[in-house]
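Read through the structure below, which is laid out as structure tokens, and then see the notes.
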Amino acid sequence: MTPVVRALLIANVAAFFLQQSLQGLADAFVFVPALALVRPWSVVTYMFLHGDLMHLLFNMLSLFFFGPRVEDRIGSRPFAILYFLSGITGALLSVLFSPHSAIVGASGGVFGVMLAFAWFWPDERIFIWGVLPVPARVLVAVTTLFALWSGFGGVGGGVAHFAHLGGYLGAFLYLRWLDHKRTAFKRMATAAPPDAVRRVAGYRAIDLTKVHEVNREEINRILEKITAHGLGSLTARETTFLSSFVPPDDPAPPKT
């Protein structure tokens, strides 16, 4: 379990129990697109409210299964931005196409996480209902078509289809921006030796207790940078420096 996913799970479950315990809480924080300008906080707060227990369970299970791998891939801070940006763009798209429908639920953010999962692992098989294997990219394509058909066809069924589409849109734009940003970083890191680039991927194996205190502070700084922004954010110097502390994959046998 990664830190941001854990925090979001706890926050959503806690908010649901508060919602059930305190009458009128949902009314104060639900997102109504037509009232977005007079209730701007609801663009975020609606993401922590749910219609019922099954609604909460579906969203949290999806976040639990897809979220940790995505957060581990891009870093905790970018993951949090991805999640909330997806939820916010889900709300904003609803302003355009469904202005009079009140919206609750984490689906916008969760759908953004699902898109990110399919972005990095398009051929990973997702088992629908635990039985039917579907590649992640196909799942995203099918749910997108379904949301378009249901949203514009007027087949709402109490589901915020435009929030789902907005979640996909926000995640897509953010991931494209991350790709552009990381391409720039990679250009800066081209001087790093290929072996250092390969070895630094095993940074989790570094044992800080065996590192001299002179270097420990710099290693901690670089590790925090990886957590926040991912491996792609390292410069050539940082890549080379950190890789020198990664234990070898196949250590040489002891001499006799």
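Convention: chains lettered A, B, ... in structure tokens order; per-chain residue numbering from 1; ligands numbered from 1 as shown.
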
Just list the residues in segment 51-139 of chain A DSSP gives helix (DSSP H, G or I) on the backbone, as a VMD selection string.
chain A and resid 53 to 74 76 to 97 107 to 120 136 to 139

Using only C-alpha atoms, which residues sit within 12 Å of Glu124 of chain A once same-chain residues fewer than 2 positions away are excluded, as a list in words?
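The residues that qualify are Phe66, Arg69, Met114, Phe117, Ala118, Trp119, Phe120, Trp121, Pro122, Ile126, Phe127, Pro133, Val134, Pro135, Ala136, Arg137, Val138, Leu139 and Val140 of chain A.
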
Given only C-alpha atoms as the counted atoms, nearest of A:Val113, A:Ile74, A:Ala7, A:Ala28 to Trp41 of chain A:
A:Ala28

From the DSSP assignment of the backbone, select every residue of segment 16-256 of chain A that is strand (DSSP E or B), and format the answer as an MDAnalysis selection string.
chainID A and resid 31 103 125:128 132:135

Shell of 8 Å around Ala34 of chain A, only C-alpha atoms, local chain residues under 5 positions omitted, as a ChimeraX atom specification
/A:95,99-100

For segment 205-215 of chain A, work out the shell of residues within 7 Å, counting only C-alpha atoms and skipping chain neighbours fewer than 2 positions away, then give it as a PDB file with N, CA and C atoms, in the first residue's frame.
ATOM      1  N   GLY A 202      17.404  -0.056  -9.138  1.00  0.00           N
ATOM      2  CA  GLY A 202      17.362  -0.895  -7.943  1.00  0.00           C
ATOM      3  C   GLY A 202      17.642  -0.120  -6.668  1.00  0.00           C
ATOM      4  N   TYR A 203      17.296   1.180  -6.651  1.00  0.00           N
ATOM      5  CA  TYR A 203      17.629   2.036  -5.511  1.00  0.00           C
ATOM      6  C   TYR A 203      17.007   1.576  -4.194  1.00  0.00           C
ATOM      7  N   GLU A 217      23.047  12.132   3.796  1.00  0.00           N
ATOM      8  CA  GLU A 217      22.113  13.245   3.619  1.00  0.00           C
ATOM      9  C   GLU A 217      21.759  13.450   2.140  1.00  0.00           C
ATOM     10  N   GLU A 218      22.777  13.359   1.279  1.00  0.00           N
ATOM     11  CA  GLU A 218      22.527  13.535  -0.157  1.00  0.00           C
ATOM     12  C   GLU A 218      21.688  12.390  -0.714  1.00  0.00           C
ATOM     13  N   ILE A 219      21.937  11.171  -0.250  1.00  0.00           N
ATOM     14  CA  ILE A 219      21.134  10.032  -0.711  1.00  0.00           C
ATOM     15  C   ILE A 219      19.685  10.203  -0.283  1.00  0.00           C
ATOM     16  N   PHE A 245      25.686   3.390  -5.009  1.00  0.00           N
ATOM     17  CA  PHE A 245      25.362   2.800  -3.712  1.00  0.00           C
ATOM     18  C   PHE A 245      24.391   1.622  -3.822  1.00  0.00           C
ATOM     19  N   VAL A 246      23.961   1.306  -5.044  1.00  0.00           N
ATOM     20  CA  VAL A 246      23.052   0.178  -5.248  1.00  0.00           C
ATOM     21  C   VAL A 246      23.867  -1.108  -5.224  1.00  0.00           C
ATOM     22  N   PRO A 247      23.486  -2.073  -4.395  1.00  0.00           N
ATOM     23  CA  PRO A 247      24.250  -3.333  -4.355  1.00  0.00           C
ATOM     24  C   PRO A 247      24.222  -4.020  -5.708  1.00  0.00           C
TER      25      PRO A 247
END

Of the listed residues A:Arg199, A:His55, A:Arg39, A:His50, that which approaches Phe17 of chain A most closely, counting only C-alpha atoms
A:His50

Nearest to Phe241 of chain A: which of A:His229, A:Val200, A:Gly167, A:Ser107 is it, counting only C-alpha atoms?
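Counting only C-alpha atoms, the residue closest to Phe241 of chain A is A:Val200.
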
For Tyr46 of chain A, work out the shell of residues within 9 Å, counting only C-alpha atoms and skipping chain neighbours fewer than 6 positions away, then give it as a list of chain:residue names.
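The residues satisfying every condition are A:Ala26, A:Phe29, A:Val30, A:Phe31, A:Gly87, A:Ala91, A:Ile103, A:Val104, A:Gly105, A:Ala106.
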
Give me a file of those residues, with N, CA and C atoms, as a PDB file, in the first residue's frame.
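To be explicit, this is the file written out as again29.pdb:
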ATOM      1  N   ALA A  26     -23.916  16.052   3.537  1.00  0.00           N
ATOM      2  CA  ALA A  26     -23.792  15.887   2.087  1.00  0.00           C
ATOM      3  C   ALA A  26     -24.331  17.106   1.347  1.00  0.00           C
ATOM      4  N   PHE A  29     -21.736  19.819   0.922  1.00  0.00           N
ATOM      5  CA  PHE A  29     -20.505  19.567   0.180  1.00  0.00           C
ATOM      6  C   PHE A  29     -20.709  18.880  -1.161  1.00  0.00           C
ATOM      7  N   VAL A  30     -21.924  18.524  -1.519  1.00  0.00           N
ATOM      8  CA  VAL A  30     -22.194  17.916  -2.816  1.00  0.00           C
ATOM      9  C   VAL A  30     -21.918  18.932  -3.923  1.00  0.00           C
ATOM     10  N   PHE A  31     -21.539  18.445  -5.100  1.00  0.00           N
ATOM     11  CA  PHE A  31     -21.264  19.353  -6.221  1.00  0.00           C
ATOM     12  C   PHE A  31     -22.487  19.453  -7.119  1.00  0.00           C
ATOM     13  N   GLY A  87     -10.507  14.414 -10.691  1.00  0.00           N
ATOM     14  CA  GLY A  87     -11.795  14.689 -10.060  1.00  0.00           C
ATOM     15  C   GLY A  87     -12.321  16.076 -10.381  1.00  0.00           C
ATOM     16  N   ALA A  91     -15.694  17.250 -12.552  1.00  0.00           N
ATOM     17  CA  ALA A  91     -16.712  18.209 -12.130  1.00  0.00           C
ATOM     18  C   ALA A  91     -16.926  19.296 -13.184  1.00  0.00           C
ATOM     19  N   ILE A 103     -23.738  15.861  -8.031  1.00  0.00           N
ATOM     20  CA  ILE A 103     -22.759  14.788  -8.198  1.00  0.00           C
ATOM     21  C   ILE A 103     -22.043  14.514  -6.879  1.00  0.00           C
ATOM     22  N   VAL A 104     -21.908  13.231  -6.548  1.00  0.00           N
ATOM     23  CA  VAL A 104     -21.065  12.801  -5.435  1.00  0.00           C
ATOM     24  C   VAL A 104     -20.250  11.592  -5.890  1.00  0.00           C
ATOM     25  N   GLY A 105     -19.126  11.374  -5.239  1.00  0.00           N
ATOM     26  CA  GLY A 105     -18.348  10.172  -5.522  1.00  0.00           C
ATOM     27  C   GLY A 105     -16.937  10.463  -5.990  1.00  0.00           C
ATOM     28  N   ALA A 106     -16.060   9.494  -5.764  1.00  0.00           N
ATOM     29  CA  ALA A 106     -14.648   9.607  -6.135  1.00  0.00           C
ATOM     30  C   ALA A 106     -14.381   9.113  -7.543  1.00  0.00           C
TER      31      ALA A 106
END

Report, in Å to a single decimal, how far apart atom CA of Leu231 of chain A and atom CA of Trp177 of chain A are.
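Between these atoms lies a distance of 16.0 Å.
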
What does the distance between atom CA of Val70 of chain A and atom CA of Leu175 of chain A come to in Å, to one decimal place?
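Answer for the atom CA of Val70 of chain A to atom CA of Leu175 of chain A separation: 11.3 Å.
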
Interatomic distance, atom CA of Thr235 of chain A to atom CA of Val197 of chain A (Å, one decimal):
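That distance, rounded to one decimal, is 10.5 Å.
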
Closest to Ser233 of chain A among A:Thr143, A:Thr89, A:Val32, A:Lys181, using only C-alpha atoms?
A:Lys181
